[in-house]
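Below: work-v5.txt (compact mmCIF, C-alpha atoms and all ligand atoms)
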# COMPACT_ATOMS: atom_id res chain seq x y z
CA MET A 24 22.48 -23.86 -10.08
CA ALA A 25 22.61 -26.79 -7.65
CA THR A 26 19.50 -27.19 -5.48
CA ASN A 27 21.42 -26.47 -2.30
CA PRO A 28 24.34 -24.28 -3.26
CA THR A 29 26.94 -23.45 -0.66
CA GLN A 30 28.13 -20.40 -2.51
CA ILE A 31 26.65 -17.98 -5.00
CA GLU A 32 28.24 -15.42 -7.23
CA LEU A 33 26.38 -12.26 -8.11
CA ILE A 34 26.95 -8.80 -9.53
CA GLN A 35 27.70 -6.52 -6.58
CA PRO A 36 24.45 -5.25 -5.02
CA ASP A 37 23.43 -1.71 -4.05
CA ASP A 38 21.35 -0.59 -1.06
CA TRP A 39 18.43 1.55 -2.22
CA HIS A 40 17.46 2.80 1.28
CA LEU A 41 20.05 3.49 3.96
CA HIS A 42 20.59 5.69 7.03
CA ILE A 43 24.19 6.49 7.93
CA ARG A 44 23.63 9.61 10.10
CA ASP A 45 26.57 12.00 10.40
CA GLY A 46 29.81 12.72 12.27
CA GLU A 47 31.17 10.10 14.68
CA VAL A 48 28.24 7.75 14.11
CA MET A 49 28.68 7.78 10.34
CA LYS A 50 32.33 6.91 10.78
CA ASP A 51 31.35 3.65 12.47
CA VAL A 52 28.52 2.51 10.20
CA LEU A 53 29.74 3.43 6.72
CA ALA A 54 32.39 0.71 6.57
CA ASP A 55 29.78 -2.01 7.11
CA THR A 56 27.77 -0.88 4.09
CA ALA A 57 30.79 -0.16 1.87
CA ARG A 58 32.09 -3.69 2.50
CA GLN A 59 29.03 -5.14 0.75
CA PHE A 60 27.43 -2.57 -1.51
CA ALA A 61 28.71 -0.46 -4.42
CA ARG A 62 26.15 2.34 -3.96
CA ALA A 63 23.48 3.35 -1.49
CA ILE A 64 20.62 5.80 -1.43
CA ILE A 65 21.43 7.97 1.57
CA MET A 66 18.41 9.05 3.58
CA PRO A 67 18.19 12.78 4.41
CA ASN A 68 16.59 12.61 7.89
CA LEU A 69 19.49 14.23 9.71
CA LYS A 70 18.99 16.83 12.42
CA PRO A 71 18.42 19.32 10.82
CA PRO A 72 17.17 17.51 7.70
CA VAL A 73 18.90 17.70 4.31
CA THR A 74 16.38 19.94 2.57
CA THR A 75 18.49 21.71 -0.07
CA VAL A 76 20.99 20.81 -2.76
CA ASP A 77 23.65 22.79 -0.92
CA LEU A 78 23.08 20.80 2.27
CA ALA A 79 23.15 17.53 0.31
CA ASN A 80 26.41 18.48 -1.42
CA ALA A 81 27.97 19.31 1.95
CA TYR A 82 26.72 15.98 3.37
CA ARG A 83 28.12 14.13 0.35
CA ALA A 84 31.47 15.81 0.91
CA ARG A 85 31.49 14.65 4.56
CA ILE A 86 30.67 11.09 3.44
CA GLU A 87 33.43 11.18 0.83
CA GLY A 88 35.86 12.51 3.42
CA GLN A 89 35.01 9.60 5.68
CA LEU A 90 35.36 7.08 2.86
CA LYS A 91 38.80 8.47 2.18
CA LEU A 92 39.79 8.01 5.82
CA LEU A 93 38.52 4.44 5.60
CA GLY A 94 40.58 3.89 2.46
CA VAL A 95 37.43 3.01 0.48
CA ASP A 96 37.27 4.10 -3.15
CA THR A 97 34.67 1.60 -4.34
CA PHE A 98 31.51 3.07 -2.82
CA THR A 99 29.28 5.84 -4.16
CA PRO A 100 26.68 7.62 -2.00
CA LEU A 101 23.51 8.59 -3.88
CA MET A 102 22.09 11.68 -2.24
CA THR A 103 18.44 12.50 -1.55
CA LEU A 104 16.63 15.62 -0.38
CA TYR A 105 14.01 15.82 2.32
CA LEU A 106 10.73 17.12 0.89
CA THR A 107 9.05 19.82 2.96
CA ASP A 108 5.92 21.95 2.63
CA ASN A 109 8.25 24.66 1.28
CA THR A 110 10.32 22.78 -1.32
CA SER A 111 10.27 24.91 -4.48
CA ALA A 112 10.15 23.79 -8.11
CA ASP A 113 13.46 25.61 -8.60
CA GLU A 114 15.12 23.47 -5.92
CA VAL A 115 13.80 20.35 -7.69
CA ARG A 116 15.31 21.45 -11.01
CA LYS A 117 18.58 22.31 -9.28
CA ALA A 118 18.57 18.86 -7.64
CA LYS A 119 18.17 17.20 -11.01
CA ALA A 120 20.96 19.29 -12.51
CA GLU A 121 23.34 18.42 -9.66
CA GLY A 122 22.80 14.65 -9.67
CA ILE A 123 20.56 14.26 -6.62
CA ALA A 124 18.88 10.84 -6.86
CA GLY A 125 15.42 11.71 -5.48
CA PHE A 126 13.26 13.39 -2.87
CA LYS A 127 12.08 11.67 0.31
CA LEU A 128 8.54 12.15 1.54
CA TYR A 129 8.18 11.78 5.30
CA PRO A 130 4.66 12.50 6.48
CA ALA A 131 5.32 14.86 9.43
CA GLY A 132 5.83 12.83 12.61
CA ALA A 133 5.76 9.40 10.91
CA THR A 134 9.18 8.21 12.09
CA THR A 135 12.64 9.09 13.42
CA ASN A 136 13.56 12.74 12.65
CA SER A 137 10.47 13.44 10.58
CA ASP A 138 9.11 16.47 12.43
CA ALA A 139 10.01 18.74 9.51
CA GLY A 140 8.18 16.45 7.08
CA VAL A 141 5.21 17.23 4.87
CA SER A 142 2.05 18.23 6.75
CA ASP A 143 -0.17 17.92 3.67
CA LEU A 144 0.79 17.02 0.11
CA LYS A 145 -1.35 19.85 -1.19
CA HIS A 146 1.54 22.15 -0.20
CA CYS A 147 3.89 20.24 -2.51
CA HIS A 148 2.13 20.50 -5.86
CA ALA A 149 4.73 22.72 -7.54
CA ALA A 150 7.60 20.52 -6.33
CA LEU A 151 5.86 17.29 -7.36
CA GLU A 152 5.02 18.71 -10.79
CA ALA A 153 8.67 19.63 -11.26
CA MET A 154 9.81 16.17 -10.13
CA GLN A 155 7.44 14.57 -12.58
CA ALA A 156 8.68 16.87 -15.36
CA VAL A 157 12.40 16.26 -14.79
CA GLY A 158 12.05 12.57 -13.88
CA LEU A 159 13.27 12.73 -10.26
CA PRO A 160 11.83 9.90 -8.14
CA LEU A 161 9.78 10.48 -4.99
CA LEU A 162 10.77 8.06 -2.21
CA VAL A 163 7.80 7.56 0.07
CA HIS A 164 7.59 6.63 3.74
CA GLY A 165 4.11 5.16 3.34
CA GLU A 166 2.33 5.52 6.65
CA VAL A 167 -0.42 7.85 7.82
CA THR A 168 0.40 9.54 11.09
CA SER A 169 -2.98 9.96 12.73
CA SER A 170 -2.93 8.54 16.24
CA GLU A 171 -6.49 7.24 15.78
CA ILE A 172 -5.29 4.80 13.13
CA ASP A 173 -3.96 1.55 14.55
CA ILE A 174 -0.18 1.38 14.05
CA PHE A 175 -0.49 -1.95 12.22
CA ASP A 176 -2.95 -0.41 9.72
CA ARG A 177 -1.08 2.80 8.92
CA GLU A 178 0.54 1.55 5.73
CA ALA A 179 -2.63 0.08 4.25
CA VAL A 180 -4.58 3.26 5.08
CA PHE A 181 -1.82 5.38 3.50
CA ILE A 182 -2.33 3.56 0.19
CA ASP A 183 -5.97 4.59 -0.01
CA GLN A 184 -5.73 8.03 1.56
CA VAL A 185 -2.45 9.33 0.13
CA LEU A 186 -0.74 7.10 -2.43
CA GLU A 187 -3.60 6.44 -4.80
CA PRO A 188 -4.68 10.13 -4.99
CA LEU A 189 -1.01 11.12 -5.43
CA ARG A 190 -0.55 8.75 -8.35
CA LYS A 191 -3.83 9.94 -9.91
CA ASN A 192 -2.65 13.56 -9.74
CA PHE A 193 0.88 12.77 -10.95
CA PRO A 194 0.57 9.69 -13.16
CA GLU A 195 4.07 10.01 -14.60
CA LEU A 196 5.86 10.67 -11.31
CA LYS A 197 8.47 8.00 -10.55
CA LEU A 198 7.73 6.70 -7.09
CA VAL A 199 9.37 4.23 -4.70
CA PHE A 200 7.15 2.87 -1.96
CA GLU A 201 9.89 2.46 0.65
CA HIS A 202 10.30 -0.45 3.06
CA ILE A 203 6.92 -2.02 2.35
CA THR A 204 5.55 -4.25 5.10
CA THR A 205 2.09 -5.44 4.08
CA LEU A 206 0.20 -7.66 1.68
CA GLN A 207 -1.74 -4.57 0.63
CA ALA A 208 1.46 -2.75 -0.39
CA VAL A 209 2.71 -5.80 -2.29
CA HIS A 210 -0.54 -6.01 -4.23
CA TYR A 211 -0.67 -2.28 -4.84
CA VAL A 212 2.83 -2.14 -6.31
CA ARG A 213 2.45 -5.39 -8.24
CA ASP A 214 -0.86 -4.37 -9.82
CA ALA A 215 -0.31 -0.62 -10.35
CA ALA A 216 -1.05 0.40 -13.92
CA THR A 217 1.84 2.47 -15.28
CA ALA A 218 1.04 2.69 -19.00
CA GLY A 219 4.08 0.56 -19.72
CA LYS A 220 6.40 3.00 -17.96
CA ASN A 221 8.85 2.22 -15.19
CA THR A 222 7.16 4.53 -12.65
CA ILE A 223 6.62 2.43 -9.53
CA GLY A 224 8.97 0.41 -7.37
CA ALA A 225 9.24 -0.75 -3.78
CA THR A 226 12.09 -1.57 -1.44
CA ILE A 227 11.97 -4.42 1.08
CA THR A 228 14.13 -4.73 4.22
CA PRO A 229 15.74 -7.95 5.48
CA GLN A 230 13.89 -7.79 8.79
CA HIS A 231 10.48 -7.71 7.10
CA LEU A 232 11.44 -10.78 5.03
CA LEU A 233 12.69 -12.74 8.03
CA MET A 234 10.50 -11.78 10.98
CA ASN A 235 6.89 -11.16 11.84
CA ARG A 236 5.58 -9.05 14.71
CA ASN A 237 6.01 -11.85 17.25
CA ALA A 238 9.74 -11.08 17.07
CA ILE A 239 9.14 -7.80 18.92
CA PHE A 240 7.64 -9.68 21.87
CA ALA A 241 9.54 -12.98 21.93
CA GLY A 242 9.83 -13.83 25.64
CA GLY A 243 9.85 -10.13 26.55
CA ILE A 244 10.09 -6.83 24.71
CA ARG A 245 12.79 -6.80 22.02
CA PRO A 246 13.60 -3.18 21.20
CA HIS A 247 16.20 -4.10 18.58
CA ASN A 248 13.50 -5.68 16.43
CA TYR A 249 11.41 -2.50 16.53
CA CYS A 250 11.44 -0.37 13.40
CA LEU A 251 8.96 1.67 11.41
CA PRO A 252 6.90 0.65 9.63
CA VAL A 253 6.57 -1.92 12.41
CA LEU A 254 6.82 -5.68 11.67
CA LYS A 255 3.44 -7.15 10.73
CA ARG A 256 1.64 -10.52 10.91
CA GLU A 257 3.06 -13.67 9.30
CA GLU A 258 0.74 -13.45 6.27
CA HIS A 259 2.37 -10.13 5.39
CA ARG A 260 5.89 -11.50 5.76
CA VAL A 261 4.98 -14.37 3.46
CA ALA A 262 3.59 -11.95 0.84
CA LEU A 263 6.74 -9.80 1.02
CA LEU A 264 9.01 -12.83 0.62
CA GLU A 265 6.97 -14.00 -2.33
CA ALA A 266 7.24 -10.56 -3.97
CA ALA A 267 10.98 -10.22 -3.33
CA THR A 268 11.71 -13.67 -4.76
CA SER A 269 9.25 -13.43 -7.65
CA GLY A 270 11.63 -11.87 -10.15
CA ASN A 271 9.26 -8.91 -10.54
CA PRO A 272 11.55 -5.91 -11.16
CA ARG A 273 9.30 -3.57 -9.20
CA PHE A 274 10.65 -5.05 -5.94
CA PHE A 275 14.26 -4.41 -4.99
CA LEU A 276 16.70 -4.29 -2.09
CA GLY A 277 16.66 -1.47 0.48
CA THR A 278 17.90 -2.38 3.94
CA ASP A 279 16.59 0.68 5.83
CA SER A 280 19.50 -0.02 8.16
CA ALA A 281 18.95 2.70 10.77
CA PRO A 282 21.55 3.00 13.53
CA HIS A 283 20.56 4.08 17.03
CA ALA A 284 22.80 3.80 20.08
CA LYS A 285 22.02 0.92 22.44
CA GLY A 286 20.80 3.31 25.14
CA ALA A 287 18.39 5.03 22.77
CA LYS A 288 16.82 1.68 21.89
CA GLU A 289 16.79 0.13 25.37
CA ALA A 290 14.78 2.94 26.93
CA ALA A 291 11.32 3.71 28.24
CA CYS A 292 10.55 5.23 24.82
CA GLY A 293 12.98 3.47 22.51
CA CYS A 294 13.81 4.70 19.00
CA ALA A 295 12.60 2.93 15.85
CA GLY A 296 15.22 1.39 13.58
CA CYS A 297 17.09 -1.90 13.06
CA TYR A 298 20.81 -1.99 12.32
CA SER A 299 21.12 -4.61 9.58
CA ALA A 300 24.17 -3.20 7.76
CA PHE A 301 26.70 -5.45 9.52
CA ASN A 302 25.79 -8.41 7.27
CA ALA A 303 22.70 -7.36 5.34
CA LEU A 304 23.51 -9.51 2.32
CA GLY A 305 23.75 -12.58 4.52
CA LEU A 306 20.29 -11.85 5.92
CA TYR A 307 18.78 -11.48 2.44
CA ALA A 308 20.48 -14.70 1.31
CA GLU A 309 18.93 -16.53 4.27
CA ALA A 310 15.49 -15.21 3.37
CA PHE A 311 15.79 -16.20 -0.29
CA GLU A 312 17.22 -19.62 0.60
CA SER A 313 14.30 -20.29 2.97
CA VAL A 314 11.99 -20.53 -0.06
CA GLY A 315 14.52 -22.13 -2.42
CA LYS A 316 14.88 -18.95 -4.48
CA LEU A 317 18.56 -18.02 -4.17
CA ASP A 318 18.63 -17.80 -7.95
CA LYS A 319 16.35 -14.74 -7.71
CA LEU A 320 18.63 -12.82 -5.32
CA GLU A 321 20.78 -11.18 -8.00
CA GLY A 322 17.86 -9.52 -9.78
CA PHE A 323 16.43 -8.17 -6.50
CA ALA A 324 19.78 -7.09 -5.06
CA SER A 325 21.78 -6.00 -8.09
CA PHE A 326 19.66 -5.35 -11.19
CA PHE A 327 16.19 -3.96 -10.49
CA GLY A 328 17.31 -1.00 -8.36
CA PRO A 329 19.70 0.54 -10.91
CA ASP A 330 17.20 -0.21 -13.69
CA PHE A 331 14.50 1.74 -11.82
CA TYR A 332 16.82 4.68 -11.13
CA SER A 333 18.14 4.60 -14.73
CA LEU A 334 21.69 3.99 -13.53
CA PRO A 335 24.13 1.44 -14.96
CA ARG A 336 24.25 -1.96 -13.28
CA ASN A 337 27.47 -2.73 -11.43
CA THR A 338 29.96 -4.96 -13.19
CA LYS A 339 32.11 -6.34 -10.37
CA LYS A 340 31.10 -9.74 -8.99
CA VAL A 341 30.95 -10.79 -5.35
CA THR A 342 30.64 -14.24 -3.78
CA LEU A 343 28.35 -15.12 -0.92
CA VAL A 344 29.32 -18.24 0.98
CA LYS A 345 27.15 -20.41 3.18
CA ARG A 346 29.31 -20.12 6.26
CA ALA A 347 27.80 -19.12 9.59
CA GLN A 348 29.02 -15.75 10.78
CA ASN A 349 28.88 -14.87 14.48
CA ILE A 350 27.24 -11.52 15.03
CA PRO A 351 28.76 -9.54 17.91
CA ASN A 352 26.59 -8.50 20.84
CA GLU A 353 27.56 -4.88 20.30
CA LEU A 354 29.55 -2.78 17.86
CA PRO A 355 31.20 0.63 18.40
CA LEU A 356 29.03 3.67 17.59
CA GLY A 357 30.73 6.99 18.29
CA ASP A 358 31.18 7.18 22.06
CA ALA A 359 28.42 4.57 22.54
CA THR A 360 27.63 1.12 21.13
CA ILE A 361 25.00 -0.35 18.84
CA VAL A 362 23.27 -3.72 18.94
CA PRO A 363 23.10 -5.15 15.40
CA LEU A 364 20.28 -7.28 14.07
CA ARG A 365 20.89 -10.94 15.13
CA ALA A 366 23.29 -9.82 17.89
CA GLY A 367 24.83 -12.78 19.72
CA GLU A 368 23.52 -15.21 17.11
CA THR A 369 24.68 -16.28 13.68
CA ILE A 370 23.83 -15.43 10.08
CA ALA A 371 24.09 -18.38 7.73
CA TRP A 372 25.62 -16.57 4.75
CA SER A 373 28.43 -14.06 4.45
CA LEU A 374 30.55 -12.41 1.80
CA PHE A 375 33.62 -14.28 0.72
C1 LIG B 401 14.46 5.19 10.49
C2 LIG B 401 15.52 5.99 11.24
O1 LIG B 401 15.88 5.62 12.36
O2 LIG B 401 16.01 6.99 10.67
N1 LIG B 401 13.82 4.29 11.42
C3 LIG B 401 13.14 3.17 11.10
O3 LIG B 401 12.56 2.57 12.00
N2 LIG B 401 13.09 2.70 9.88
C4 LIG B 401 13.50 6.10 9.83
C5 LIG B 401 12.64 5.42 8.79
O4 LIG B 401 13.11 5.01 7.74
O5 LIG B 401 11.43 5.30 9.04
ZN ZN B 402 14.44 4.49 6.50
Output the file's structure in the form of structure tokens.
Amino acid sequence: MATNPTQIELIQPDDWHLHIRDGEVMKDVLADTARQFARAIIMPNLKPPVTTVDLANAYRARIEGQLKLLGVDTFTPLMTLYLTDNTSADEVRKAKAEGIAGFKLYPAGATTNSDAGVSDLKHCHAALEAMQAVGLPLLVHGEVTSSEIDIFDREAVFIDQVLEPLRKNFPELKLVFEHITTLQAVHYVRDAATAGKNTIGATITPQHLLMNRNAIFAGGIRPHNYCLPVLKREEHRVALLEAATSGNPRFFLGTDSAPHAKGAKEAACGCAGCYSAFNALGLYAEAFESVGKLDKLEGFASFFGPDFYSLPRNTKKVTLVKRAQNIPNELPLGDATIVPLRAGETIAWSLF
């Protein structure tokens, strides 16, 4: 590859962590993702949450109905269930039998729509044992929720207090540390001993590769750069970028694109979540190019995710072109609007 390529071809990527909501909102965000990605792990934090296989199948049917209306037949939603204190081992086995991709652990109160989350993992032993036995991955929102713990430390504390004991108790459980944001998480995932098995992975968002926490306060408060886990210091961003571009298959693409209406973000108590789906691939390409590692993008975006989930890699190729794309100030979102990441600015790369 030339040192400064102006276009790159890669196997079509997938998004291994995505929020598309439901109803009118879903209608407006799904097309953005389906334009770029072949598959996406669909997060279950709806209101009420997707806690059973029946609810997930109904949600999948609504997504497929919407894709049909959009005329899209090239996108596959991968469904997840929301783990609760009451998830039974039977539900886990049923999930496996019906092609559910994994369970999502939200510590209760950690983030948007997580009130029904797990209060203490000790309530989940039977479900976790069943997941380990049938090989269903646990997707982890890795933050402690205690208000005494500084918000910038919640991920690092989670590793010691929750993740490490969890992996000791369930050494064969497949686990994705979702949207990692710290040096500590990078080191934990990189160095985790797995007895040669493919049992730990981590997703990384475009915003955590491109911005540090100053971006939330640049010249005034910037609600559209606020997500959870919150952006961290520059040293963490650098560690994440190094991990993503290292070629280590434990790190793969998950946008965590999380749509909230403009009014819900620009408020006295604004919601957490960045909408990156409009041109997520362009954002990742920028991040990889910034350290001269565009040649590592395909592994991160297109290979390591399916390999972790034991799914076939995609075969279709897509072309990313270095051509600045203007990002609108607002996009339609049901009867409201949404402000995408980079609104009113440009993204250097876009799909051909
Ligand atoms: C997500 C959302 O809005 O659903 N928000 C976010 O800031 N990332 C929830 C989540 O993934 O934490
Ligand atoms: Zn998320």
Each residue of chain A with at least one atom at most 10 Å from ligand LIG 401 (chain B) should appear once, together with its nearest atom pair and the corresponding distance in Å (one decimal); atoms considered: all atoms listed in the file; ordering: chain, then increasing residue number; output as a tab-separated table.
residue	atom	partner	partner_atom	distance
A:His40	CA	B:LIG401	O4	8.1
A:Leu41	CA	B:LIG401	O4	8.0
A:His42	CA	B:LIG401	O2	6.0
A:Ile43	CA	B:LIG401	O2	8.6
A:Arg44	CA	B:LIG401	O2	8.1
A:Met66	CA	B:LIG401	O2	7.8
A:Pro67	CA	B:LIG401	O2	8.8
A:Asn68	CA	B:LIG401	O2	6.3
A:Leu69	CA	B:LIG401	O2	8.1
A:Tyr129	CA	B:LIG401	O5	8.2
A:Ala133	CA	B:LIG401	O5	7.2
A:Thr134	CA	B:LIG401	O5	4.8
A:Thr135	CA	B:LIG401	C4	4.8
A:Asn136	CA	B:LIG401	O2	6.6
A:Ser137	CA	B:LIG401	C4	8.0
A:Val163	CA	B:LIG401	O4	9.7
A:His164	CA	B:LIG401	O5	6.7
A:Gly165	CA	B:LIG401	O5	9.3
A:Glu166	CA	B:LIG401	O5	9.4
A:Glu201	CA	B:LIG401	O4	8.2
A:His202	CA	B:LIG401	O4	7.7
A:Thr228	CA	B:LIG401	N2	9.4
A:Asn248	CA	B:LIG401	O3	9.4
A:Tyr249	CA	B:LIG401	O3	6.9
A:Cys250	CA	B:LIG401	O3	3.4
A:Leu251	CA	B:LIG401	O3	3.8
A:Pro252	CA	B:LIG401	O3	6.4
A:Val253	CA	B:LIG401	O3	7.5
A:Thr278	CA	B:LIG401	N2	9.2
A:Asp279	CA	B:LIG401	N2	5.7
A:Ser280	CA	B:LIG401	N2	7.2
A:Ala281	CA	B:LIG401	O1	4.5
A:Pro282	CA	B:LIG401	O1	6.4
A:His283	CA	B:LIG401	O1	6.8
A:Cys294	CA	B:LIG401	O1	7.0
A:Ala295	CA	B:LIG401	O3	3.9
A:Gly296	CA	B:LIG401	O3	3.3
A:Cys297	CA	B:LIG401	O3	6.5
A:Tyr298	CA	B:LIG401	O1	9.1
**Prompt:** Counting all atoms listed in the file, what is within 12 Å of A:Asn349, bar same-chain residues fewer than 6 positions away, as a list in words?
**Reply:**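 The residues satisfying every condition are Phe301, Asn302, Gly305, Pro363, Leu364, Arg365, Ala366, Gly367, Glu368, Thr369, Ile370, Ala371, Trp372 and Ser373 of chain A.
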**Item:** Selection near stretch 335-339 of chain A, 12 Å with all atoms listed in the file, sequence-local residues under 5 positions removed, as a list of chain:residue names
**Value:**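 Skipping anything fewer than 5 positions along the chain leaves A:Glu32, A:Leu33, A:Ile34, A:Gln35, A:Pro36, A:Asp37, A:Gln59, A:Phe60, A:Ala61, A:Arg62, A:Thr97, A:Phe98, A:Thr99, A:Glu321, A:Gly322, A:Ala324, A:Ser325, A:Phe326, A:Phe327, A:Gly328, A:Pro329, A:Asp330.
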Mind writing the picked residues with C-alpha atoms as a short mmCIF file (atom, residue, chain, number, x, y, z; two decimals), in the coordinates of the input?
data_model
loop_
_atom_site.label_atom_id
_atom_site.label_comp_id
_atom_site.auth_asym_id
_atom_site.auth_seq_id
_atom_site.Cartn_x
_atom_site.Cartn_y
_atom_site.Cartn_z
CA GLU A 32 28.24 -15.42 -7.23
CA LEU A 33 26.38 -12.26 -8.11
CA ILE A 34 26.95 -8.80 -9.53
CA GLN A 35 27.70 -6.52 -6.58
CA PRO A 36 24.45 -5.25 -5.02
CA ASP A 37 23.43 -1.71 -4.05
CA GLN A 59 29.03 -5.14 0.75
CA PHE A 60 27.43 -2.57 -1.51
CA ALA A 61 28.71 -0.46 -4.42
CA ARG A 62 26.15 2.34 -3.96
CA THR A 97 34.67 1.60 -4.34
CA PHE A 98 31.51 3.07 -2.82
CA THR A 99 29.28 5.84 -4.16
CA GLU A 321 20.78 -11.18 -8.00
CA GLY A 322 17.86 -9.52 -9.78
CA ALA A 324 19.78 -7.09 -5.06
CA SER A 325 21.78 -6.00 -8.09
CA PHE A 326 19.66 -5.35 -11.19
CA PHE A 327 16.19 -3.96 -10.49
CA GLY A 328 17.31 -1.00 -8.36
CA PRO A 329 19.70 0.54 -10.91
CA ASP A 330 17.20 -0.21 -13.69
#
**Request:** Pick out the closest residue to ligand ZN 402 (chain B) from this set: A:Glu312, A:Asp358, A:Asp38, A:Glu265. Count all atoms listed in the file.
**Result:** A:Asp38
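Residues in contact with stretch 360-362 of chain A at up to 6 Å, not including ones fewer than 6 positions away on its chain and judged by all atoms listed in the file, are Ala284, Lys285, Glu353 and Leu354 of chain A.
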**Asked** Which distance in Å separates atom CA of A:Asn192 and atom CA of A:Ile64, to one decimal?
**Response** 25.9 Å
**Item:** Closest of A:Gly270, A:Gly277, A:Pro188, A:Pro355 to A:Leu320 - atom-to-atom distances counting all atoms listed in the file
**Value:**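 Smallest separation from A:Leu320 among the options: A:Gly270.
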**Message:** Report, in Å to a single decimal, how far apart atom CA of A:Pro272 and atom CA of A:Ala216 are.
**Reply:** 14.4 Å
**Prompt:** What is the atom CA of A:Ile174-atom CA of A:Val209 distance in Å, reported with one decimal?
**Reply:**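 If I compute the distance from atom CA of A:Ile174 to atom CA of A:Val209, I get 18.1 Å.
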**Prompt:** With only C-alpha atoms and all ligand atoms as the basis for distance, which of A:Arg177, A:Arg273, A:Lys127, A:Arg346 is at the shortest distance from ligand ZN 402 (chain B)?
**Reply:**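 The answer is A:Lys127, which sits nearest to ligand ZN 402 (chain B).
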**Prompt:** So which one's closest to ligand ZN 402 (chain B), A:Ser313, A:Gln89, A:Thr226, A:Thr342? Using only C-alpha atoms and all ligand atoms, please.
**Reply:**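 Between A:Ser313, A:Gln89, A:Thr226, A:Thr342, the residue approaching ligand ZN 402 (chain B) most closely is A:Thr226.
Restricting the calculation to only C-alpha atoms and all ligand atoms, the smallest distance between ligand ZN 402 (chain B) and any of A:Ile227, A:Ala84, A:Leu101, A:Ala120 is found for A:Ile227.
Every protein, DNA or RNA residue with an atom at most 12 Å from A:Thr75, where all atoms listed in the file count and chain neighbours fewer than 5 positions away do not, is listed here: Pro67, Asn80, Ala81, Tyr82, Met102, Thr103, Leu104, Tyr105, Leu106, Thr107, Asn109, Thr110, Ser111, Ala112, Asp113, Glu114, Val115, Arg116, Lys117, Ala118, Lys119, Glu121, Ile123, Gly125, Phe126 and Lys127 of chain A.
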Please produce a file of the residues just selected, as a PDB file, keeping the file's coordinate frame, where the atoms kept are C-alpha atoms.
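The resulting file, result_22.pdb, is shown below:
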ATOM      1  CA  PRO A  67      18.190  12.780   4.410  1.00  0.00           C
ATOM      2  CA  ASN A  80      26.410  18.480  -1.420  1.00  0.00           C
ATOM      3  CA  ALA A  81      27.970  19.310   1.950  1.00  0.00           C
ATOM      4  CA  TYR A  82      26.720  15.980   3.370  1.00  0.00           C
ATOM      5  CA  MET A 102      22.090  11.680  -2.240  1.00  0.00           C
ATOM      6  CA  THR A 103      18.440  12.500  -1.550  1.00  0.00           C
ATOM      7  CA  LEU A 104      16.630  15.620  -0.380  1.00  0.00           C
ATOM      8  CA  TYR A 105      14.010  15.820   2.320  1.00  0.00           C
ATOM      9  CA  LEU A 106      10.730  17.120   0.890  1.00  0.00           C
ATOM     10  CA  THR A 107       9.050  19.820   2.960  1.00  0.00           C
ATOM     11  CA  ASN A 109       8.250  24.660   1.280  1.00  0.00           C
ATOM     12  CA  THR A 110      10.320  22.780  -1.320  1.00  0.00           C
ATOM     13  CA  SER A 111      10.270  24.910  -4.480  1.00  0.00           C
ATOM     14  CA  ALA A 112      10.150  23.790  -8.110  1.00  0.00           C
ATOM     15  CA  ASP A 113      13.460  25.610  -8.600  1.00  0.00           C
ATOM     16  CA  GLU A 114      15.120  23.470  -5.920  1.00  0.00           C
ATOM     17  CA  VAL A 115      13.800  20.350  -7.690  1.00  0.00           C
ATOM     18  CA  ARG A 116      15.310  21.450 -11.010  1.00  0.00           C
ATOM     19  CA  LYS A 117      18.580  22.310  -9.280  1.00  0.00           C
ATOM     20  CA  ALA A 118      18.570  18.860  -7.640  1.00  0.00           C
ATOM     21  CA  LYS A 119      18.170  17.200 -11.010  1.00  0.00           C
ATOM     22  CA  GLU A 121      23.340  18.420  -9.660  1.00  0.00           C
ATOM     23  CA  ILE A 123      20.560  14.260  -6.620  1.00  0.00           C
ATOM     24  CA  GLY A 125      15.420  11.710  -5.480  1.00  0.00           C
ATOM     25  CA  PHE A 126      13.260  13.390  -2.870  1.00  0.00           C
ATOM     26  CA  LYS A 127      12.080  11.670   0.310  1.00  0.00           C
TER      27      LYS A 127
END
Name the residues in contact with A:Ala208 at a cut-off of 12 Å, using all atoms listed in the file, excluding same-chain residues fewer than 3 positions from it; report them as a short mmCIF file (atom, residue, chain, number, x, y, z; two decimals) with C-alpha atoms, in the coordinates of the input.
data_model
loop_
_atom_site.label_atom_id
_atom_site.label_comp_id
_atom_site.auth_asym_id
_atom_site.auth_seq_id
_atom_site.Cartn_x
_atom_site.Cartn_y
_atom_site.Cartn_z
CA HIS A 164 7.59 6.63 3.74
CA GLY A 165 4.11 5.16 3.34
CA GLU A 166 2.33 5.52 6.65
CA ASP A 176 -2.95 -0.41 9.72
CA ARG A 177 -1.08 2.80 8.92
CA GLU A 178 0.54 1.55 5.73
CA ALA A 179 -2.63 0.08 4.25
CA VAL A 180 -4.58 3.26 5.08
CA PHE A 181 -1.82 5.38 3.50
CA ILE A 182 -2.33 3.56 0.19
CA ASP A 183 -5.97 4.59 -0.01
CA LEU A 186 -0.74 7.10 -2.43
CA GLU A 187 -3.60 6.44 -4.80
CA VAL A 199 9.37 4.23 -4.70
CA PHE A 200 7.15 2.87 -1.96
CA GLU A 201 9.89 2.46 0.65
CA HIS A 202 10.30 -0.45 3.06
CA ILE A 203 6.92 -2.02 2.35
CA THR A 204 5.55 -4.25 5.10
CA THR A 205 2.09 -5.44 4.08
CA TYR A 211 -0.67 -2.28 -4.84
CA VAL A 212 2.83 -2.14 -6.31
CA ARG A 213 2.45 -5.39 -8.24
CA ASP A 214 -0.86 -4.37 -9.82
CA ALA A 215 -0.31 -0.62 -10.35
CA ILE A 223 6.62 2.43 -9.53
CA GLY A 224 8.97 0.41 -7.37
CA ALA A 225 9.24 -0.75 -3.78
CA THR A 226 12.09 -1.57 -1.44
CA ILE A 227 11.97 -4.42 1.08
CA PRO A 252 6.90 0.65 9.63
CA HIS A 259 2.37 -10.13 5.39
CA ARG A 260 5.89 -11.50 5.76
CA ALA A 262 3.59 -11.95 0.84
CA LEU A 263 6.74 -9.80 1.02
CA ALA A 266 7.24 -10.56 -3.97
CA ARG A 273 9.30 -3.57 -9.20
CA PHE A 274 10.65 -5.05 -5.94
#
